[in-house]
Amino acid sequence: MTSPRHRLDSADWFGKTAAGLVLGFSLALAVSGLCAWLTPGGIAGGNGKIQFVMWLIAPLWAGVLCFVFLFRDSRRAWCWLAVANLLAFGLLAGVRGLLG
Amino acid sequence: MKIRNDVIKVYKDVHIWVGILSGLMLFIAFYAGAITMFEKPLERWATPPSSLAAPPPLAGAEVLLQAVLAEHPQAAKNYLIVVEPTVDAPARVIWREPGKSRRQFTEFGASFADDGSLQVEQLRKAPVAQLVDTLHQLVGLPFPDALARPIMGAVALLYAVALVSGLIIFLPTLAKDLLAMRIGHNIKRLWMDVHNALGVVSLPFHVVMALTCVVFAFHDEFYDVQGAVVYEQGVPWQRETPPGPPTPDARPLPAVELLRLAHVQQPGFEVFNFSFKQAGGQLEASITGLDTRYGTRARTYASTHLNPYTGEIDPHDLPGQMEPWDAAVNTFFMLHFGSFGGNPVRWLYLLLGLAGALLFYTGNLLWIESRRRKQRADGVPEQTRSARVLGSLTVGVSLGCVVGISATLAATKWLPQRVDNLAAWHEGIYYAVFVAAVAWAFVRGAPRAAVELLRLAALATLLIPLSSLAGVWGIGGAWHHPGMGFIVDLTALAAVPVFLAIAAYTRRRMCAGHTDSVWAQPASSQPLPPSGRGPASACQE
C-alpha cells in the first residue's frame with residue numbers, strides 16, 4: 001500500500017498496441033458471438049441481426065485498442081486480455097453447447 | 001475532470017503518433033467525402049447530354065421494351081423502366097450488360113426516333129463523381145481496392161484512437177478551454193483552441209465515421225471469422241425466394257399500373273425506377289425510390305422487392321418499416337452517409353466534413369508549432385528538418401488534393417469530345433496535379449508553396465463554373481444542363497474567394513509573422529530582418 005504509485009509511460013507502446021490489435025480483436029469477436037446467441041432472436045435472428053452482430057466488432061475492437069495503453073506494461077496487457085479472451089470464449093463455448 | 005498526469009502524457013504521445021500517421025490521409029478522405037455528399041448532383045452536372053430522343057411516356061414503356069428485346073434479347077437479363085428520366089438516366093428503358101468484374105456493367109438506353117425507329121445509346125454517366133467518391137473511400141491512395149481498403153481500415157482504427165486519446169488529453173481543461181479562442185500573439189495556443197473546439201464539437205460525427213469505416217474496410221473478414229467462430233455452419237444468411245407468378249399464365253403488370261399500386265401501398269415513397277431480371281422464365285422485380293422522411297442505407301435511394309405480377313411491394317427492406325435489427329444497421333449507414341433529412345443534412349455533413357479536414361490540418365500545424373525553435377538573442381535558428389518536411393508534406397498533400405479535385409472537375413466538360421477513356425483521364429489529371437503539388441511543396445518550401453498552391457486552387461476552382469459558362473454558349477463541346485446543376489457552379493465559385501483569402505493570410509504570416517517558424521520566408525533568400533519580422537523578396541509584389 002505504501003509503495004509509490006507506478007507511473008504510466010509510453011515506453012511499451014508497441015507491445016500494448018499489438019495486444020490491443022490481436023487480443024482486442026479476438027475479444028471483440030467472442031463478445032459479438034455472445035451477443036449473437038444471447039440477445040433477442042437468438043442465433044437464428046435473421047439477416048438484420050447477422051449484420052448488427054458483425055457491426056459490433058468495430059466498437060469493441062476500437063474500444064480495447066483505445067484503452068490498452070492504460071495497462072502498466074505490455075506483459076500485463078497481453079495477460080489480462082488473454083484472461084478476458086479465455087473467459088469470453090469459454091462463455092461462448094458454454095452458450096453454444098447449451099443453446100446450439 | 002481530474003486525470004492523472006502520467007495518463008495524460010501517455011495519451012499525448014499516442015495522439016501525436018496516430019495523428020501524424022493518419023492525418024493527411026484523413027484530410028483527403030474528409031475533403032473528398034464532403035464533396036461526395038453531393039455525388040448525384042455532381043454526376044448529373046458532369047454527364048454529357050444524351051443523344052436519345054425524348055423518352056416516350058411511361059404508358060409507352062412496354063412498347064419500347066418489346067422493341068428493345070426484339071433487337072437486344074440479352075437486355076432481358078437486367079433492365080430498368082425509369083419513372084422520371086434524368087440526365088444520368090436519360091431513357092425510359094435502360095439495360096445493363098455485365099462488364100469485366102462483378103460490380104461493373106455497361107448501361108444502354110433506348111428511345112424511339114421521330115420516324116418511330118429504335119434508338120440505342122450507350123449511356124455516358126460521368127465517372128468524375130465516382131473518382132471523388134473513390135478517393136474518399138480509399139483515403140486518396142492510388143492502389144487497387146484490395147490493398148487500399150485494409151490501409152483505410154487501419155487508418156480508421158488510428159482515427160478512433162486519435163479521437164479517444166485527444167478527448168482524454170482535453171478532458172481536464174474541457175470546462176475551461178472549450179470554445180475559448182485565444183486570438184493573439186501565441187499562434188500555437190490559437191491553433192490548439194481551434195483544433196480542440198472542432199474536435200469536441202464534432203466528436204459524435206467523428207466517432208460515427210471512425211467506427212463505420214472500420215466496418216466498411218473489414219466487413220468481409222468480420223463475417224468470415226464470425227462464420228467460423230460464432231455460428232454453427234457459416235453465417236446463416238437467409239435467402240429470400242422471390243414470389244412467382246400467381247398463376248402459370250399470369251402476365252407482368254405494366255409500369256403505369258405498378259406505379260399506381262406503389263403509390264397506394266407506400267404513399268410518400270417517390271419511385272425512381274422499376275428494375276427487372278428475367279431468370280428461368282420468371283420475372284423478378286424490385287422498386288427503387290426514396291421517402292425523404294426516412295434515412296436510408298443506400299446513399300441516395302431505397303430499394304426493395306416487388307412482385308411484378310401483382311404489384312405487391314415487400315416493405316421489410318424499406319426504411320421506416322424494417323425489423324428492429326435491420327433498422328439499427330440502417331441507422332449506422334445513414335449516419336455515415338448523411339442520407340437522412342434531405343439536402344439540409346447534406347449541407348450540414350458537407351460542413352462537418354470540411355471541419356474534419358480542418359481538424360486534421362490543424363493537428364499537423366500543431367505538431368509543427370510544438371517543434372518550433374524559438375528566436376534567441378543570437379539570431380534566428382534553423383528550424384528542424386522534421387518540421388520542415390512535415391510542413392511541406394502537409395501543404396503538398398492537402399492542397400494537392402484540393403487542387404487535383406478542382407482540376408479534374410474543371411476538365412469534365414472538355415474531355416468527352418476529345419478522349420475515350422474518361423475515367424482514366426480524370427484519375428490521371430487528379431494524380432498528376434497531386435504529385436506535382438507535393439513535389440512543388442518540397443521544392444519551394446511550405447510557406448511559398450502554400451500561397452502558390454492556394455492561388456492555383458482558386459484558379460482551378462474558377463475554371464469549373466467557367467466550363468459551364470462555355471457550355472451555355474456551346475463552346476468546344478462543353479454543355480450546361482437546365483435545372484439545379486448551376487448550384488455546383490455556384491458552390492465552386494463561392495470557394496474561389498475562400499482560397500484566395502487563405503492564400504492572403506498565409507502570405508501575411510510568411511512575410512510579417514515570426515521569422516523563427518517554418519511558415520516564414522526561407523532564410524536563404526532573405527536579408528536578415530532588423531526586427532525579427534521582416535520583408536523579403538517574395539513579399540514585395
# chains A, B, ... in the order shown; residues from 1 in each chain; ligands from 1

call {"tool": "residues_around", "arguments": {"residues": "Gly46 of chain A", "least_positions_apart": "3", "cutoff": "8 Å", "atoms": "only C-alpha atoms", "output": "number ranges by chain"}}
result
A: 41, 49-50; B: 236-238

call {"tool": "residues_around", "arguments": {"residues": "Ile187 of chain B", "least_positions_apart": "4", "cutoff": "12 Å", "atoms": "only C-alpha atoms", "output": "VMD selection string"}}
result
chain B and resid 181 to 183 191 to 194 362 365 to 366 368 to 370 372 509 513 to 514 517 519

call {"tool": "interface_residues", "arguments": {"of": "chain A", "to": "chain B", "cutoff": "10 Å", "atoms": "only C-alpha atoms", "output": "ChimeraX atom specification"}}
result
/A:6-11,13,21,25-26,29-37,40-41,43-67,69-70,89,92-93,96,100

call {"tool": "write_last_selection", "arguments": {"atoms": "C-alpha atoms", "output": "PDB file, in the first residue's frame"}}
result
ATOM      1  CA  HIS A   6       3.505   3.262 -10.639  1.00  0.00           C
ATOM      2  CA  ARG A   7       3.797   5.992 -13.211  1.00  0.00           C
ATOM      3  CA  LEU A   8       2.486   5.119 -16.644  1.00  0.00           C
ATOM      4  CA  ASP A   9       4.801   5.725 -19.577  1.00  0.00           C
ATOM      5  CA  SER A  10       4.834   5.218 -23.335  1.00  0.00           C
ATOM      6  CA  ALA A  11       7.908   3.014 -23.490  1.00  0.00           C
ATOM      7  CA  TRP A  13       3.728   1.184 -26.832  1.00  0.00           C
ATOM      8  CA  LEU A  21      -4.892  -5.295 -32.103  1.00  0.00           C
ATOM      9  CA  PHE A  25      -9.935  -8.294 -31.980  1.00  0.00           C
ATOM     10  CA  SER A  26     -10.440 -11.814 -30.656  1.00  0.00           C
ATOM     11  CA  LEU A  29     -15.180 -11.457 -31.825  1.00  0.00           C
ATOM     12  CA  ALA A  30     -16.106 -13.531 -28.761  1.00  0.00           C
ATOM     13  CA  VAL A  31     -18.274 -10.793 -27.249  1.00  0.00           C
ATOM     14  CA  SER A  32     -20.043 -10.267 -30.580  1.00  0.00           C
ATOM     15  CA  GLY A  33     -20.666 -14.025 -30.580  1.00  0.00           C
ATOM     16  CA  LEU A  34     -22.189 -13.870 -27.104  1.00  0.00           C
ATOM     17  CA  CYS A  35     -24.480 -11.092 -28.291  1.00  0.00           C
ATOM     18  CA  ALA A  36     -25.461 -13.188 -31.299  1.00  0.00           C
ATOM     19  CA  TRP A  37     -26.521 -16.091 -29.055  1.00  0.00           C
ATOM     20  CA  PRO A  40     -33.479 -11.456 -28.616  1.00  0.00           C
ATOM     21  CA  GLY A  41     -33.923 -13.665 -31.650  1.00  0.00           C
ATOM     22  CA  ILE A  43     -28.549 -17.256 -33.253  1.00  0.00           C
ATOM     23  CA  ALA A  44     -31.190 -17.505 -35.970  1.00  0.00           C
ATOM     24  CA  GLY A  45     -32.199 -13.871 -35.631  1.00  0.00           C
ATOM     25  CA  GLY A  46     -32.279 -13.152 -39.337  1.00  0.00           C
ATOM     26  CA  ASN A  47     -30.219 -11.137 -41.792  1.00  0.00           C
ATOM     27  CA  GLY A  48     -30.572  -7.860 -39.916  1.00  0.00           C
ATOM     28  CA  LYS A  49     -29.241  -9.345 -36.728  1.00  0.00           C
ATOM     29  CA  ILE A  50     -26.343 -11.013 -38.564  1.00  0.00           C
ATOM     30  CA  GLN A  51     -25.300  -7.605 -39.813  1.00  0.00           C
ATOM     31  CA  PHE A  52     -25.762  -5.949 -36.435  1.00  0.00           C
ATOM     32  CA  VAL A  53     -23.589  -8.582 -34.759  1.00  0.00           C
ATOM     33  CA  MET A  54     -20.891  -8.037 -37.376  1.00  0.00           C
ATOM     34  CA  TRP A  55     -21.047  -4.266 -36.725  1.00  0.00           C
ATOM     35  CA  LEU A  56     -20.473  -4.871 -33.017  1.00  0.00           C
ATOM     36  CA  ILE A  57     -16.885  -5.891 -33.675  1.00  0.00           C
ATOM     37  CA  ALA A  58     -15.888  -2.361 -34.693  1.00  0.00           C
ATOM     38  CA  PRO A  59     -16.710  -0.504 -31.450  1.00  0.00           C
ATOM     39  CA  LEU A  60     -15.496  -3.384 -29.273  1.00  0.00           C
ATOM     40  CA  TRP A  61     -12.189  -3.741 -31.090  1.00  0.00           C
ATOM     41  CA  ALA A  62     -11.581   0.001 -31.331  1.00  0.00           C
ATOM     42  CA  GLY A  63     -12.571   0.362 -27.671  1.00  0.00           C
ATOM     43  CA  VAL A  64      -9.942  -2.128 -26.500  1.00  0.00           C
ATOM     44  CA  LEU A  65      -7.348  -0.544 -28.762  1.00  0.00           C
ATOM     45  CA  CYS A  66      -8.082   2.897 -27.303  1.00  0.00           C
ATOM     46  CA  PHE A  67      -7.716   1.889 -23.668  1.00  0.00           C
ATOM     47  CA  PHE A  69      -2.419   1.995 -23.194  1.00  0.00           C
ATOM     48  CA  LEU A  70      -3.701   2.157 -19.619  1.00  0.00           C
ATOM     49  CA  PHE A  89     -14.540 -17.755 -25.449  1.00  0.00           C
ATOM     50  CA  LEU A  92     -19.271 -18.602 -25.876  1.00  0.00           C
ATOM     51  CA  ALA A  93     -18.458 -22.318 -25.956  1.00  0.00           C
ATOM     52  CA  ARG A  96     -23.160 -22.738 -27.854  1.00  0.00           C
ATOM     53  CA  GLY A 100     -26.793 -24.887 -30.043  1.00  0.00           C
TER      54      GLY A 100
END

call {"tool": "select_by_dssp", "arguments": {"residues": "segment 49-254 of chain B", "states": "helix (DSSP H, G or I)", "output": "PyMOL selection string"}}
result
chain B and resi 58-71+73-77+128-137+145-177+187-201+203-229

call {"tool": "closest_residue", "arguments": {"among": "B:Pro49, B:Gly363, B:Pro144, B:Pro482", "to": "Gly391 of chain B", "atoms": "only C-alpha atoms"}}
result
B:Gly363

call {"tool": "select_by_dssp", "arguments": {"residues": "segment 129-360 of chain B", "states": "strand (DSSP E)", "output": "PyMOL selection string"}}
result
chain B and resi 270-279+282-290+302-306

call {"tool": "write_last_selection", "arguments": {"atoms": "C-alpha atoms", "output": "PDB file, in the first residue's frame"}}
result
ATOM      1  CA  GLU B 270     -41.134   8.637 -54.622  1.00  0.00           C
ATOM      2  CA  VAL B 271     -40.445   5.943 -57.226  1.00  0.00           C
ATOM      3  CA  PHE B 272     -37.314   6.387 -59.379  1.00  0.00           C
ATOM      4  CA  ASN B 273     -37.443   3.154 -61.353  1.00  0.00           C
ATOM      5  CA  PHE B 274     -38.504  -0.470 -61.541  1.00  0.00           C
ATOM      6  CA  SER B 275     -35.799  -2.991 -62.268  1.00  0.00           C
ATOM      7  CA  PHE B 276     -36.348  -6.457 -63.659  1.00  0.00           C
ATOM      8  CA  LYS B 277     -34.404  -9.654 -64.017  1.00  0.00           C
ATOM      9  CA  GLN B 278     -35.533 -12.473 -66.247  1.00  0.00           C
ATOM     10  CA  ALA B 279     -34.445 -15.743 -64.653  1.00  0.00           C
ATOM     11  CA  GLN B 282     -39.801 -15.972 -64.322  1.00  0.00           C
ATOM     12  CA  LEU B 283     -39.562 -12.236 -63.823  1.00  0.00           C
ATOM     13  CA  GLU B 284     -38.043 -10.821 -60.627  1.00  0.00           C
ATOM     14  CA  ALA B 285     -38.539  -7.160 -59.905  1.00  0.00           C
ATOM     15  CA  SER B 286     -37.542  -4.509 -57.442  1.00  0.00           C
ATOM     16  CA  ILE B 287     -38.626  -0.958 -56.882  1.00  0.00           C
ATOM     17  CA  THR B 288     -36.183   1.864 -56.211  1.00  0.00           C
ATOM     18  CA  GLY B 289     -37.001   5.288 -54.880  1.00  0.00           C
ATOM     19  CA  LEU B 290     -36.873   7.439 -51.798  1.00  0.00           C
ATOM     20  CA  ALA B 302     -34.019   2.763 -51.001  1.00  0.00           C
ATOM     21  CA  SER B 303     -34.784  -0.421 -52.861  1.00  0.00           C
ATOM     22  CA  THR B 304     -36.957  -3.452 -52.205  1.00  0.00           C
ATOM     23  CA  HIS B 305     -38.589  -6.439 -53.871  1.00  0.00           C
ATOM     24  CA  LEU B 306     -41.738  -6.041 -55.875  1.00  0.00           C
TER      25      LEU B 306
END

call {"tool": "residues_around", "arguments": {"residues": "Trp78 of chain A", "least_positions_apart": "4", "cutoff": "7 Å", "atoms": "only C-alpha atoms", "output": "PyMOL selection string"}}
result
chain A and resi 19+74+82

call {"tool": "closest_residue", "arguments": {"among": "B:Pro56, B:Glu62, B:Met1, B:Val93", "to": "Ala175 of chain B", "atoms": "only C-alpha atoms"}}
result
B:Met1

call {"tool": "residues_around", "arguments": {"residues": "Lys40 of chain B", "least_positions_apart": "2", "cutoff": "8 Å", "atoms": "only C-alpha atoms", "output": "ChimeraX atom specification"}}
result
/B:38,42-44,129,300

call {"tool": "decode", "arguments": {"residues": "segment 207-327 of chain B", "atoms": "C-alpha atoms", "output": "PDB file, in the first residue's frame"}}
result
ATOM      1  CA  VAL B 207     -16.964   8.595 -33.713  1.00  0.00           C
ATOM      2  CA  VAL B 208     -19.600   7.537 -36.243  1.00  0.00           C
ATOM      3  CA  MET B 209     -17.154   7.948 -39.118  1.00  0.00           C
ATOM      4  CA  ALA B 210     -14.301   6.073 -37.447  1.00  0.00           C
ATOM      5  CA  LEU B 211     -16.405   3.065 -36.441  1.00  0.00           C
ATOM      6  CA  THR B 212     -18.368   2.806 -39.685  1.00  0.00           C
ATOM      7  CA  CYS B 213     -15.090   2.952 -41.633  1.00  0.00           C
ATOM      8  CA  VAL B 214     -13.659   0.041 -39.657  1.00  0.00           C
ATOM      9  CA  VAL B 215     -16.708  -1.941 -40.778  1.00  0.00           C
ATOM     10  CA  PHE B 216     -16.563  -0.685 -44.375  1.00  0.00           C
ATOM     11  CA  ALA B 217     -12.944  -1.824 -44.566  1.00  0.00           C
ATOM     12  CA  PHE B 218     -13.218  -5.209 -42.886  1.00  0.00           C
ATOM     13  CA  HIS B 219     -16.813  -6.469 -43.140  1.00  0.00           C
ATOM     14  CA  ASP B 220     -15.909  -9.437 -45.328  1.00  0.00           C
ATOM     15  CA  GLU B 221     -13.199 -10.525 -42.894  1.00  0.00           C
ATOM     16  CA  PHE B 222     -15.514  -9.974 -39.922  1.00  0.00           C
ATOM     17  CA  TYR B 223     -18.194 -12.174 -41.484  1.00  0.00           C
ATOM     18  CA  ASP B 224     -15.616 -14.833 -42.327  1.00  0.00           C
ATOM     19  CA  VAL B 225     -14.292 -15.161 -38.778  1.00  0.00           C
ATOM     20  CA  GLN B 226     -17.784 -14.963 -37.286  1.00  0.00           C
ATOM     21  CA  GLY B 227     -18.870 -17.674 -39.695  1.00  0.00           C
ATOM     22  CA  ALA B 228     -16.064 -19.830 -38.342  1.00  0.00           C
ATOM     23  CA  VAL B 229     -16.292 -18.984 -34.633  1.00  0.00           C
ATOM     24  CA  VAL B 230     -19.755 -17.698 -33.740  1.00  0.00           C
ATOM     25  CA  TYR B 231     -22.188 -19.561 -35.957  1.00  0.00           C
ATOM     26  CA  GLU B 232     -22.690 -23.290 -36.282  1.00  0.00           C
ATOM     27  CA  GLN B 233     -22.138 -23.681 -40.022  1.00  0.00           C
ATOM     28  CA  GLY B 234     -21.018 -20.417 -41.505  1.00  0.00           C
ATOM     29  CA  VAL B 235     -23.040 -17.214 -41.475  1.00  0.00           C
ATOM     30  CA  PRO B 236     -26.693 -18.309 -41.758  1.00  0.00           C
ATOM     31  CA  TRP B 237     -27.821 -15.812 -44.387  1.00  0.00           C
ATOM     32  CA  GLN B 238     -31.458 -16.211 -45.216  1.00  0.00           C
ATOM     33  CA  ARG B 239     -32.024 -16.271 -48.937  1.00  0.00           C
ATOM     34  CA  GLU B 240     -35.261 -14.674 -49.979  1.00  0.00           C
ATOM     35  CA  THR B 241     -37.109 -16.507 -52.714  1.00  0.00           C
ATOM     36  CA  PRO B 242     -38.900 -14.059 -54.962  1.00  0.00           C
ATOM     37  CA  PRO B 243     -42.643 -14.605 -55.306  1.00  0.00           C
ATOM     38  CA  GLY B 244     -43.584 -16.391 -58.513  1.00  0.00           C
ATOM     39  CA  PRO B 245     -46.498 -15.637 -60.798  1.00  0.00           C
ATOM     40  CA  PRO B 246     -49.825 -16.258 -59.028  1.00  0.00           C
ATOM     41  CA  THR B 247     -50.993 -18.393 -61.969  1.00  0.00           C
ATOM     42  CA  PRO B 248     -48.755 -20.012 -64.594  1.00  0.00           C
ATOM     43  CA  ASP B 249     -50.073 -17.822 -67.381  1.00  0.00           C
ATOM     44  CA  ALA B 250     -50.038 -14.562 -65.395  1.00  0.00           C
ATOM     45  CA  ARG B 251     -48.552 -11.561 -67.169  1.00  0.00           C
ATOM     46  CA  PRO B 252     -46.375  -8.892 -65.526  1.00  0.00           C
ATOM     47  CA  LEU B 253     -48.263  -5.649 -64.893  1.00  0.00           C
ATOM     48  CA  PRO B 254     -47.394  -2.595 -66.992  1.00  0.00           C
ATOM     49  CA  ALA B 255     -45.203   0.026 -65.315  1.00  0.00           C
ATOM     50  CA  VAL B 256     -48.022   2.548 -65.087  1.00  0.00           C
ATOM     51  CA  GLU B 257     -50.051   0.081 -63.076  1.00  0.00           C
ATOM     52  CA  LEU B 258     -47.052  -0.861 -60.903  1.00  0.00           C
ATOM     53  CA  LEU B 259     -46.552   2.826 -60.162  1.00  0.00           C
ATOM     54  CA  ARG B 260     -50.209   3.336 -59.254  1.00  0.00           C
ATOM     55  CA  LEU B 261     -50.129   0.342 -56.899  1.00  0.00           C
ATOM     56  CA  ALA B 262     -46.848   1.551 -55.384  1.00  0.00           C
ATOM     57  CA  HIS B 263     -48.424   4.900 -54.532  1.00  0.00           C
ATOM     58  CA  VAL B 264     -51.360   3.136 -52.923  1.00  0.00           C
ATOM     59  CA  GLN B 265     -49.149   0.860 -50.809  1.00  0.00           C
ATOM     60  CA  GLN B 266     -46.370   3.318 -49.995  1.00  0.00           C
ATOM     61  CA  PRO B 267     -47.673   6.877 -50.025  1.00  0.00           C
ATOM     62  CA  GLY B 268     -44.732   9.270 -49.682  1.00  0.00           C
ATOM     63  CA  PHE B 269     -42.324   6.927 -51.469  1.00  0.00           C
ATOM     64  CA  GLU B 270     -41.134   8.637 -54.622  1.00  0.00           C
ATOM     65  CA  VAL B 271     -40.445   5.943 -57.226  1.00  0.00           C
ATOM     66  CA  PHE B 272     -37.314   6.387 -59.379  1.00  0.00           C
ATOM     67  CA  ASN B 273     -37.443   3.154 -61.353  1.00  0.00           C
ATOM     68  CA  PHE B 274     -38.504  -0.470 -61.541  1.00  0.00           C
ATOM     69  CA  SER B 275     -35.799  -2.991 -62.268  1.00  0.00           C
ATOM     70  CA  PHE B 276     -36.348  -6.457 -63.659  1.00  0.00           C
ATOM     71  CA  LYS B 277     -34.404  -9.654 -64.017  1.00  0.00           C
ATOM     72  CA  GLN B 278     -35.533 -12.473 -66.247  1.00  0.00           C
ATOM     73  CA  ALA B 279     -34.445 -15.743 -64.653  1.00  0.00           C
ATOM     74  CA  GLY B 280     -35.715 -19.211 -65.539  1.00  0.00           C
ATOM     75  CA  GLY B 281     -38.792 -17.988 -67.358  1.00  0.00           C
ATOM     76  CA  GLN B 282     -39.801 -15.972 -64.322  1.00  0.00           C
ATOM     77  CA  LEU B 283     -39.562 -12.236 -63.823  1.00  0.00           C
ATOM     78  CA  GLU B 284     -38.043 -10.821 -60.627  1.00  0.00           C
ATOM     79  CA  ALA B 285     -38.539  -7.160 -59.905  1.00  0.00           C
ATOM     80  CA  SER B 286     -37.542  -4.509 -57.442  1.00  0.00           C
ATOM     81  CA  ILE B 287     -38.626  -0.958 -56.882  1.00  0.00           C
ATOM     82  CA  THR B 288     -36.183   1.864 -56.211  1.00  0.00           C
ATOM     83  CA  GLY B 289     -37.001   5.288 -54.880  1.00  0.00           C
ATOM     84  CA  LEU B 290     -36.873   7.439 -51.798  1.00  0.00           C
ATOM     85  CA  ASP B 291     -39.086   8.512 -48.957  1.00  0.00           C
ATOM     86  CA  THR B 292     -37.273  11.536 -47.600  1.00  0.00           C
ATOM     87  CA  ARG B 293     -38.977  11.127 -44.242  1.00  0.00           C
ATOM     88  CA  TYR B 294     -36.624   8.218 -43.535  1.00  0.00           C
ATOM     89  CA  GLY B 295     -32.871   7.833 -43.679  1.00  0.00           C
ATOM     90  CA  THR B 296     -31.553   5.170 -45.971  1.00  0.00           C
ATOM     91  CA  ARG B 297     -28.533   2.887 -46.065  1.00  0.00           C
ATOM     92  CA  ALA B 298     -28.031   3.263 -49.785  1.00  0.00           C
ATOM     93  CA  ARG B 299     -26.829   6.808 -50.069  1.00  0.00           C
ATOM     94  CA  THR B 300     -29.474   8.256 -52.328  1.00  0.00           C
ATOM     95  CA  TYR B 301     -32.264   5.735 -52.566  1.00  0.00           C
ATOM     96  CA  ALA B 302     -34.019   2.763 -51.001  1.00  0.00           C
ATOM     97  CA  SER B 303     -34.784  -0.421 -52.861  1.00  0.00           C
ATOM     98  CA  THR B 304     -36.957  -3.452 -52.205  1.00  0.00           C
ATOM     99  CA  HIS B 305     -38.589  -6.439 -53.871  1.00  0.00           C
ATOM    100  CA  LEU B 306     -41.738  -6.041 -55.875  1.00  0.00           C
ATOM    101  CA  ASN B 307     -43.965  -8.753 -57.276  1.00  0.00           C
ATOM    102  CA  PRO B 308     -44.210  -7.763 -60.938  1.00  0.00           C
ATOM    103  CA  TYR B 309     -47.362  -9.844 -61.430  1.00  0.00           C
ATOM    104  CA  THR B 310     -49.403  -8.337 -58.599  1.00  0.00           C
ATOM    105  CA  GLY B 311     -47.594  -5.078 -57.886  1.00  0.00           C
ATOM    106  CA  GLU B 312     -47.225  -6.083 -54.251  1.00  0.00           C
ATOM    107  CA  ILE B 313     -44.288  -4.377 -52.524  1.00  0.00           C
ATOM    108  CA  ASP B 314     -42.305  -6.253 -49.897  1.00  0.00           C
ATOM    109  CA  PRO B 315     -41.893  -3.443 -47.357  1.00  0.00           C
ATOM    110  CA  HIS B 316     -39.393  -5.049 -44.999  1.00  0.00           C
ATOM    111  CA  ASP B 317     -36.364  -3.552 -46.755  1.00  0.00           C
ATOM    112  CA  LEU B 318     -37.829  -0.059 -46.701  1.00  0.00           C
ATOM    113  CA  PRO B 319     -36.590   2.371 -44.041  1.00  0.00           C
ATOM    114  CA  GLY B 320     -39.309   3.054 -41.505  1.00  0.00           C
ATOM    115  CA  GLN B 321     -40.801  -0.415 -41.958  1.00  0.00           C
ATOM    116  CA  MET B 322     -37.858  -2.605 -41.033  1.00  0.00           C
ATOM    117  CA  GLU B 323     -37.420  -5.064 -38.211  1.00  0.00           C
ATOM    118  CA  PRO B 324     -35.508  -3.626 -35.227  1.00  0.00           C
ATOM    119  CA  TRP B 325     -32.108  -5.193 -36.046  1.00  0.00           C
ATOM    120  CA  ASP B 326     -32.339  -4.096 -39.670  1.00  0.00           C
ATOM    121  CA  ALA B 327     -33.411  -0.640 -38.592  1.00  0.00           C
TER     122      ALA B 327
END
